[in-house]
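*Asks:* Sharing entry_29.cif, mmCIF, C-alpha atoms and all ligand atoms:
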```cif
data_run
loop_
_atom_site.label_atom_id
_atom_site.label_comp_id
_atom_site.auth_asym_id
_atom_site.auth_seq_id
_atom_site.Cartn_x
_atom_site.Cartn_y
_atom_site.Cartn_z
CA MET A 1 80.94 98.24 134.40
CA PRO A 2 82.68 99.05 137.73
CA LYS A 3 84.35 96.08 139.32
CA ILE A 4 83.93 95.71 143.06
CA CYS A 5 86.31 94.09 145.50
CA ASN A 6 84.65 92.56 148.55
CA TYR A 7 87.55 92.58 150.99
CA TYR A 8 86.85 90.53 154.13
CA VAL A 9 89.59 92.13 156.24
CA THR A 10 88.86 89.89 159.22
CA SER A 11 86.57 87.02 160.08
CA GLN A 12 86.65 87.89 163.80
CA CYS A 13 83.61 89.69 165.19
CA ASN A 14 82.58 91.29 168.47
CA ASP A 15 78.89 90.66 167.74
CA THR A 16 76.96 87.43 167.39
CA CYS A 17 74.14 88.48 165.04
CA GLU A 18 71.32 86.01 164.73
CA PHE A 19 71.19 86.18 160.90
CA CYS A 20 74.93 86.29 160.12
CA PRO A 21 76.71 83.10 159.02
CA ILE A 22 80.29 84.40 159.27
CA TRP A 23 80.98 84.43 163.03
CA GLN A 24 79.18 81.06 163.32
CA ASP A 25 81.60 79.22 161.04
CA GLU A 26 84.71 77.85 162.78
CA GLU A 27 86.53 77.45 159.43
CA TYR A 28 86.22 81.15 158.63
CA LYS A 29 87.43 82.10 162.11
CA LYS A 30 90.67 80.19 161.56
CA ILE A 31 91.75 82.44 158.66
CA GLU A 32 94.71 84.54 159.77
CA GLU A 33 95.02 88.23 158.97
CA LYS A 34 97.90 88.99 156.64
CA PRO A 35 98.91 92.08 154.67
CA PHE A 36 97.54 92.42 151.16
CA ASP A 37 98.87 94.84 148.55
CA LEU A 38 95.87 96.56 146.99
CA ILE A 39 97.87 97.32 143.86
CA THR A 40 96.93 93.77 142.78
CA LEU A 41 93.33 94.96 142.49
CA LYS A 42 94.31 97.65 140.00
CA ARG A 43 95.42 94.93 137.62
CA HIS A 44 91.99 93.30 137.95
CA GLY A 45 90.25 96.57 136.99
CA VAL A 46 88.69 97.17 140.42
CA SER A 47 87.30 100.65 141.09
CA ILE A 48 85.29 100.14 144.30
CA LEU A 49 86.69 98.64 147.49
CA ASN A 50 84.01 97.29 149.82
CA ILE A 51 85.49 96.58 153.25
CA THR A 52 83.59 94.05 155.33
CA GLY A 53 84.12 91.11 157.66
CA GLY A 54 83.80 90.07 160.52
CA GLU A 55 84.08 93.43 162.15
CA PRO A 56 86.50 95.58 160.10
CA LEU A 57 87.45 97.84 163.04
CA LEU A 58 89.02 94.81 164.75
CA ARG A 59 91.73 94.77 162.09
CA ASP A 60 94.75 96.71 163.39
CA ASP A 61 96.07 97.89 160.03
CA LEU A 62 92.67 99.08 158.75
CA PRO A 63 93.78 102.75 158.50
CA GLN A 64 96.79 101.69 156.38
CA ILE A 65 94.54 99.60 154.11
CA LEU A 66 92.19 102.54 153.62
CA LYS A 67 95.02 105.02 153.07
CA GLN A 68 96.47 102.83 150.34
CA ALA A 69 93.01 102.48 148.81
CA LYS A 70 92.63 106.25 148.62
CA GLU A 71 96.15 106.68 147.20
CA LEU A 72 95.28 104.21 144.47
CA GLY A 73 92.08 106.10 143.69
CA PHE A 74 89.52 103.48 144.78
CA LYS A 75 86.07 104.49 145.97
CA THR A 76 85.76 103.00 149.46
CA GLN A 77 82.79 101.55 151.34
CA LEU A 78 82.84 100.11 154.83
CA THR A 79 80.21 98.52 157.05
CA THR A 80 80.73 98.41 160.80
CA ASN A 81 78.72 97.60 163.89
CA GLY A 82 80.09 100.85 165.36
CA LEU A 83 81.25 99.27 168.62
CA LEU A 84 84.87 100.37 168.33
CA TYR A 85 84.29 103.57 166.40
CA SER A 86 84.23 105.88 169.43
CA GLU A 87 87.24 104.16 171.00
CA LYS A 88 89.34 104.70 167.89
CA PRO A 89 88.75 108.39 167.30
CA ARG A 90 89.29 109.57 163.76
CA TRP A 91 90.83 106.22 162.82
CA ILE A 92 89.03 105.94 159.53
CA ASP A 93 87.56 109.40 159.11
CA GLY A 94 88.09 110.94 155.70
CA LEU A 95 89.12 107.55 154.28
CA VAL A 96 85.69 106.03 153.61
CA ASP A 97 83.40 107.38 150.91
CA ARG A 98 80.37 105.43 152.09
CA LEU A 99 80.28 104.58 155.78
CA PHE A 100 77.50 102.25 156.91
CA PHE A 101 76.58 101.58 160.54
CA SER A 102 74.53 98.44 161.03
CA LEU A 103 71.37 98.88 163.06
CA ASP A 104 68.99 95.94 163.25
CA TYR A 105 66.20 97.63 165.24
CA PRO A 106 65.40 101.19 166.29
CA MET A 107 65.02 100.08 169.95
CA ALA A 108 67.86 99.16 172.29
CA GLU A 109 66.47 95.91 173.65
CA ALA A 110 65.63 94.41 170.25
CA HIS A 111 68.88 95.53 168.58
CA ASP A 112 70.92 94.11 171.48
CA ARG A 113 69.03 90.81 171.31
CA SER A 114 69.63 90.56 167.56
CA ARG A 115 73.34 91.35 167.97
CA GLY A 116 73.84 89.15 171.03
CA ILE A 117 75.40 91.93 173.12
CA GLU A 118 74.46 95.32 174.53
CA CYS A 119 75.54 97.73 171.81
CA PHE A 120 72.60 99.90 170.69
CA HIS A 121 73.79 103.02 172.55
CA ASP A 122 77.35 102.56 171.22
CA VAL A 123 76.10 102.55 167.62
CA ILE A 124 73.97 105.64 168.15
CA LYS A 125 76.94 107.40 169.77
CA ALA A 126 79.17 106.31 166.88
CA ILE A 127 76.74 107.68 164.29
CA GLN A 128 76.58 111.01 166.13
CA LEU A 129 80.36 111.15 166.42
CA ALA A 130 80.84 110.31 162.74
CA LYS A 131 78.50 113.15 161.82
CA ALA A 132 80.35 115.53 164.15
CA ASN A 133 83.59 114.45 162.43
CA GLY A 134 82.21 115.48 159.05
CA GLU A 135 81.32 111.99 157.77
CA LYS A 136 78.02 111.13 156.07
CA PRO A 137 77.09 107.94 157.94
CA VAL A 138 74.24 105.78 156.67
CA ILE A 139 72.23 103.32 158.78
CA LYS A 140 72.24 99.84 157.25
CA PHE A 141 68.98 98.29 158.37
CA THR A 142 68.85 94.53 157.76
CA LEU A 143 65.19 93.71 157.26
CA THR A 144 63.92 90.43 158.64
CA ARG A 145 60.34 89.24 158.82
CA ASP A 146 60.30 90.69 162.33
CA SER A 147 62.35 93.90 162.10
CA VAL A 148 60.56 95.06 158.95
CA LEU A 149 57.57 95.91 161.17
CA PHE A 150 59.64 98.66 162.78
CA LEU A 151 60.36 100.59 159.58
CA PRO A 152 58.37 103.67 160.69
CA GLU A 153 60.25 103.82 164.02
CA MET A 154 63.58 103.39 162.21
CA LEU A 155 62.70 106.35 160.00
CA ASP A 156 61.85 108.47 163.06
CA LEU A 157 65.25 107.63 164.51
CA ALA A 158 66.99 108.45 161.21
CA GLU A 159 65.18 111.79 161.15
CA LYS A 160 66.42 112.57 164.67
CA LEU A 161 69.98 111.60 163.74
CA ASN A 162 69.67 113.32 160.35
CA VAL A 163 70.99 110.34 158.34
CA PHE A 164 69.84 108.09 155.50
CA VAL A 165 68.62 104.52 156.06
CA TYR A 166 69.71 101.88 153.58
CA LEU A 167 67.31 98.93 153.47
CA ASN A 168 69.17 95.63 153.35
CA PRO A 169 66.78 92.64 153.09
CA VAL A 170 68.07 89.61 154.95
CA TYR A 171 69.51 87.15 152.45
CA ASP A 172 69.12 83.92 154.27
CA PHE A 173 65.72 82.57 155.16
CA TYR A 174 67.07 79.18 156.27
CA ASN A 175 64.73 77.39 153.87
CA THR A 176 61.69 79.12 155.25
CA GLN A 177 59.42 81.36 153.21
CA GLY A 178 60.85 84.82 152.46
CA PHE A 179 58.82 88.02 152.64
CA GLU A 180 55.16 87.86 151.75
CA GLN A 181 53.75 90.14 149.04
CA ALA A 182 52.20 92.40 151.70
CA THR A 183 55.62 92.83 153.33
CA ILE A 184 57.20 93.70 150.00
CA SER A 185 54.49 96.32 149.40
CA HIS A 186 55.12 97.68 152.93
CA ILE A 187 58.86 98.02 152.15
CA LYS A 188 58.16 99.70 148.80
CA TYR A 189 55.79 102.17 150.46
CA TYR A 190 58.43 103.28 152.98
CA GLY A 191 61.07 103.15 150.24
CA ARG A 192 59.61 106.38 148.85
CA ASP A 193 60.58 108.29 151.99
CA LYS A 194 63.27 110.92 151.44
CA ARG A 195 65.53 109.28 154.01
CA VAL A 196 65.27 105.75 152.61
CA LEU A 197 67.68 104.17 150.15
CA LEU A 198 66.24 101.07 148.56
CA ASN A 199 67.23 98.83 145.68
CA LEU A 200 64.07 97.74 143.86
CA ALA A 201 66.00 95.12 141.90
CA ALA A 202 66.92 93.44 145.20
CA LEU A 203 63.29 93.42 146.26
CA GLU A 204 62.19 91.92 142.93
CA PHE A 205 64.93 89.30 143.15
CA LEU A 206 63.81 88.43 146.68
CA LYS A 207 60.22 88.09 145.45
CA ASP A 208 61.51 85.71 142.72
CA ASN A 209 63.28 83.65 145.42
CA GLY A 210 66.85 84.54 144.48
CA ASN A 211 69.34 82.79 142.26
CA ARG A 212 68.33 79.63 140.39
CA THR A 213 71.02 77.03 139.99
CA ASN A 214 69.62 75.79 136.66
CA LEU A 215 69.61 79.28 135.15
CA PRO A 216 71.91 81.36 137.36
CA ARG A 217 71.56 85.14 137.52
CA CYS A 218 74.73 85.39 139.59
CA ARG A 219 77.58 87.18 137.77
CA ALA A 220 79.94 87.41 140.76
CA LYS A 221 82.91 86.24 138.72
CA GLN A 222 82.67 89.02 136.12
CA THR A 223 81.69 91.84 138.46
CA THR A 224 83.47 91.21 141.77
CA ILE A 225 86.66 89.93 143.28
CA THR A 226 86.91 88.54 146.81
CA VAL A 227 89.89 88.94 149.10
CA LEU A 228 90.09 86.92 152.32
CA PRO A 229 91.69 88.19 155.58
CA ASP A 230 94.94 86.40 154.68
CA GLY A 231 95.12 88.14 151.29
CA LYS A 232 94.06 85.10 149.28
CA ILE A 233 91.88 85.90 146.26
CA VAL A 234 88.95 83.51 145.82
CA SER A 235 86.33 83.14 143.11
CA PRO A 236 83.46 83.33 142.42
CA CYS A 237 82.62 84.52 145.96
CA PHE A 238 83.29 84.26 149.68
CA PHE A 239 80.61 81.61 150.15
CA ASN A 240 81.50 79.55 147.08
CA GLN A 241 85.27 79.75 147.01
CA ALA A 242 86.05 77.35 144.19
CA GLY A 243 82.85 76.02 142.67
CA VAL A 244 80.90 76.97 139.55
CA GLN A 245 79.31 80.42 139.66
CA GLY A 246 75.62 80.30 140.59
CA ARG A 247 75.32 76.54 140.19
CA GLU A 248 76.40 75.04 143.52
CA ASP A 249 74.01 74.02 146.33
CA ILE A 250 75.03 77.12 148.30
CA CYS A 251 73.93 79.22 145.29
CA SER A 252 70.36 77.95 145.46
CA SER A 253 68.08 80.95 146.29
CA CYS A 254 71.21 83.03 146.94
CA MET A 255 70.58 86.74 147.50
CA ARG A 256 73.93 87.68 149.01
CA TRP A 257 73.80 91.34 148.04
CA PRO A 258 77.56 92.09 147.95
CA TYR A 259 77.57 89.75 144.92
CA MET A 260 74.05 90.04 143.56
CA LEU A 261 73.84 93.83 143.36
CA PRO A 262 76.95 94.03 141.13
CA SER A 263 75.61 91.02 139.16
CA PHE A 264 72.49 92.99 138.21
CA ASP A 265 74.75 95.27 136.14
CA ALA A 266 75.98 92.44 133.94
CA LYS A 267 72.87 91.33 132.05
CA LEU A 268 70.08 93.36 130.47
CA ASP A 269 66.85 92.23 132.12
CA LYS A 270 64.30 93.52 134.65
CA TYR A 271 66.84 93.42 137.48
CA TYR A 272 69.27 95.50 135.42
CA LEU A 273 66.59 98.12 134.74
CA LEU A 274 65.27 98.22 138.32
CA ASN A 275 68.84 98.54 139.59
CA LYS A 276 69.51 101.52 137.31
CA TRP A 277 66.16 103.10 138.25
CA SER A 278 66.98 102.69 141.96
CA GLU A 279 70.40 104.28 141.44
CA PHE A 280 68.63 107.24 139.84
CA LEU A 281 66.06 107.53 142.67
CA ASN A 282 68.68 107.26 145.41
CA LYS A 283 70.84 109.85 143.69
CA ARG A 284 67.86 112.18 143.40
CA LYS A 285 67.42 111.90 147.18
CA GLY A 286 71.04 113.01 147.48
CA MET A 287 72.88 109.72 147.88
CA LYS A 288 75.06 107.95 145.36
CA LEU A 289 75.81 104.43 146.55
C1 LIG B 1 78.62 90.75 157.66
S1 LIG B 1 78.50 92.35 158.37
C2 LIG B 1 80.17 92.82 158.58
C3 LIG B 1 80.35 94.19 159.13
C4 LIG B 1 80.07 94.41 160.60
N1 LIG B 1 80.47 93.37 161.45
C5 LIG B 1 78.64 94.82 160.84
O1 LIG B 1 77.95 94.18 161.62
O2 LIG B 1 78.22 95.81 160.26
C6 LIG B 1 77.98 93.39 157.01
C7 LIG B 1 76.49 93.63 156.94
O3 LIG B 1 75.87 92.42 156.54
C8 LIG B 1 74.67 92.32 157.26
N2 LIG B 1 74.29 90.90 157.29
C9 LIG B 1 74.78 89.89 158.02
N3 LIG B 1 74.13 88.74 157.78
C10 LIG B 1 73.20 89.02 156.84
C11 LIG B 1 72.20 88.29 156.17
N4 LIG B 1 72.01 86.99 156.43
N5 LIG B 1 71.42 88.94 155.28
C12 LIG B 1 71.59 90.25 155.01
N6 LIG B 1 72.52 91.01 155.61
C13 LIG B 1 73.31 90.41 156.52
C14 LIG B 1 74.99 92.89 158.61
O4 LIG B 1 73.84 93.30 159.31
C15 LIG B 1 75.85 94.08 158.23
O5 LIG B 1 75.05 95.22 158.00
#
```
Would you write out, as structure tokens, the structure that this file holds?
Ligand SMILES: C[S@@+](CC[C@H](N)C(=O)[O-])C[C@H]1O[C@@H](n2cnc3c(N)ncnc32)[C@H](O)[C@@H]1O
*Replies:*
Amino acid sequence: MPKICNYYVTSQCNDTCEFCPIWQDEEYKKIEEKPFDLITLKRHGVSILNITGGEPLLRDDLPQILKQAKELGFKTQLTTNGLLYSEKPRWIDGLVDRLFFSLDYPMAEAHDRSRGIECFHDVIKAIQLAKANGEKPVIKFTLTRDSVLFLPEMLDLAEKLNVFVYLNPVYDFYNTQGFEQATISHIKYYGRDKRVLLNLAALEFLKDNGNRTNLPRCRAKQTTITVLPDGKIVSPCFFNQAGVQGREDICSSCMRWPYMLPSFDAKLDKYYLLNKWSEFLNKRKGMKL
């Protein structure tokens, strides 16, 4: 079972996304950025380094972090809003195996509203530049009850840009109802498209309303390790930094995918099987995630 490190290299962000809890929390923002020696992760059996934040491109020593990751033989993933990508030419090129650019809507006005600043054209430019630089960028499309309606338009845009779209269902419904069955069917329908990467286990888990605190499905502790911007290792996850895995209030209905997707690998059940099936389907389309 591959072990994944979710490395939050910074908690600073140059976006203010409506669905993201990280930039909204003053406590997170206070965490200083300090060097962290990735060799520590080798001892924990990590094979995949997932770089996130905050906005990772705000971290000055990001290229050094990625270079060390490659030297140590980690597979690397990074998600960015793309805002600084064009300003920092070739900063991370060749160092990231799976490069995701977040796009919340396929139209400028709606994406900019969701992100809180004008940035749609910067992301599109960044995706085009990454492609020109020989990268294989993937659009990460966070699906909300509103943005999911624009799946066909997002696919048209992906076709024009000649990239894959990874569907990332929003994982916080703020105690409101999640997706309705018709919405889930709509997502599954578009999930068959050759450009779409979808995890059917995630969709099933969403339908089942996420983690239950009385019978937790979360296996974050066994399958992931979390590193904070200051290099501190916390467990079981970024959002529950010292409590019991899957059993705290914050774990109720949790669907935080950086922890749940690896968790699906750790117990043989329908999520395990759907996860494996999705890996197979995505690979058949030409993308190993
Ligand atoms: C936390 S961001 C950090 C990286 C970077 N700042 C960015 O915007 O891509 C990583 C990804 O998580 C997504 N995200 C943020 N809040 C989310 C939520 N509540 N549910 C699902 N995905 C979320 C973002 O859209 C982005 O694609």
*Asks:* Go through chain A residue by residue and, counting all atoms listed in the file, keep those with an atom at most 9 Å from ligand LIG 1 (chain B); for each kept residue give the shortest atom pair and its distance in Å to one decimal, ordered by chain and increasing number, as a tab-separated table.
*Replies:*
```
residue	atom	partner	partner_atom	distance
A:Tyr8	CA	B:LIG1	C2	8.3
A:Ser11	CA	B:LIG1	C2	8.8
A:Gln12	CA	B:LIG1	N1	8.6
A:Cys13	CA	B:LIG1	N1	6.1
A:Asn14	CA	B:LIG1	N1	7.6
A:Asp15	CA	B:LIG1	N1	7.0
A:Thr16	CA	B:LIG1	O1	8.9
A:Cys17	CA	B:LIG1	C9	7.2
A:Glu18	CA	B:LIG1	N3	8.0
A:Phe19	CA	B:LIG1	N4	4.6
A:Cys20	CA	B:LIG1	N3	3.5
A:Pro21	CA	B:LIG1	N3	6.3
A:Ile22	CA	B:LIG1	C1	6.8
A:Trp23	CA	B:LIG1	C1	8.6
A:Ile51	CA	B:LIG1	C3	8.2
A:Thr52	CA	B:LIG1	C2	4.9
A:Gly53	CA	B:LIG1	C2	4.4
A:Gly54	CA	B:LIG1	N1	4.8
A:Glu55	CA	B:LIG1	N1	3.7
A:Pro56	CA	B:LIG1	C3	6.4
A:Leu57	CA	B:LIG1	N1	8.4
A:Leu78	CA	B:LIG1	C3	7.7
A:Thr79	CA	B:LIG1	O2	4.6
A:Thr80	CA	B:LIG1	O2	3.7
A:Asn81	CA	B:LIG1	O2	4.1
A:Gly82	CA	B:LIG1	O2	7.4
A:Phe100	CA	B:LIG1	O2	7.3
A:Phe101	CA	B:LIG1	O2	6.0
A:Ser102	CA	B:LIG1	O5	4.5
A:Leu103	CA	B:LIG1	O4	7.2
A:Asp104	CA	B:LIG1	O4	6.8
A:Arg115	CA	B:LIG1	O1	8.3
A:Ile139	CA	B:LIG1	O5	8.6
A:Lys140	CA	B:LIG1	O5	5.5
A:Phe141	CA	B:LIG1	O5	6.8
A:Thr142	CA	B:LIG1	O4	5.4
A:Leu143	CA	B:LIG1	C12	7.6
A:Thr144	CA	B:LIG1	N5	8.4
A:Asn168	CA	B:LIG1	C12	6.1
A:Pro169	CA	B:LIG1	C12	5.7
A:Val170	CA	B:LIG1	N5	3.4
A:Tyr171	CA	B:LIG1	N5	3.9
A:Asp172	CA	B:LIG1	N4	4.7
A:Phe173	CA	B:LIG1	N4	7.8
A:Met255	CA	B:LIG1	N5	8.1
A:Arg256	CA	B:LIG1	N5	6.9
A:Trp257	CA	B:LIG1	C12	7.4
A:Pro258	CA	B:LIG1	O3	8.8
```
*Asks:* Would you compute the distance between atom CA of Lys3 of chain A and atom CA of Trp277 of chain A? Give it in Å to one decimal.
*Replies:*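 A separation of 19.5 Å between them.
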*Asks:* So, counting all atoms listed in the file, which residue among A:Lys270, A:His44, A:Lys285, A:Arg247 is closest to Val196 of chain A?
*Replies:*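 Going through A:Lys270, A:His44, A:Lys285, A:Arg247 one by one, the smallest distance to Val196 of chain A is for A:Lys285.
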*Asks:* Can you measure atom CA of Glu159 of chain A to atom CA of Leu66 of chain A for me? One decimal in Å is fine.
*Replies:*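 About the pair atom CA of Glu159 of chain A and atom CA of Leu66 of chain A: they are 29.5 Å apart.
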*Asks:* Have a look at A:Phe239, A:Ile39, A:Lys221, A:Val148 and name the one nearest to Gly191 of chain A; count all atoms listed in the file.
*Replies:*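 The shortest atom-to-atom distance to Gly191 of chain A comes from A:Val148.
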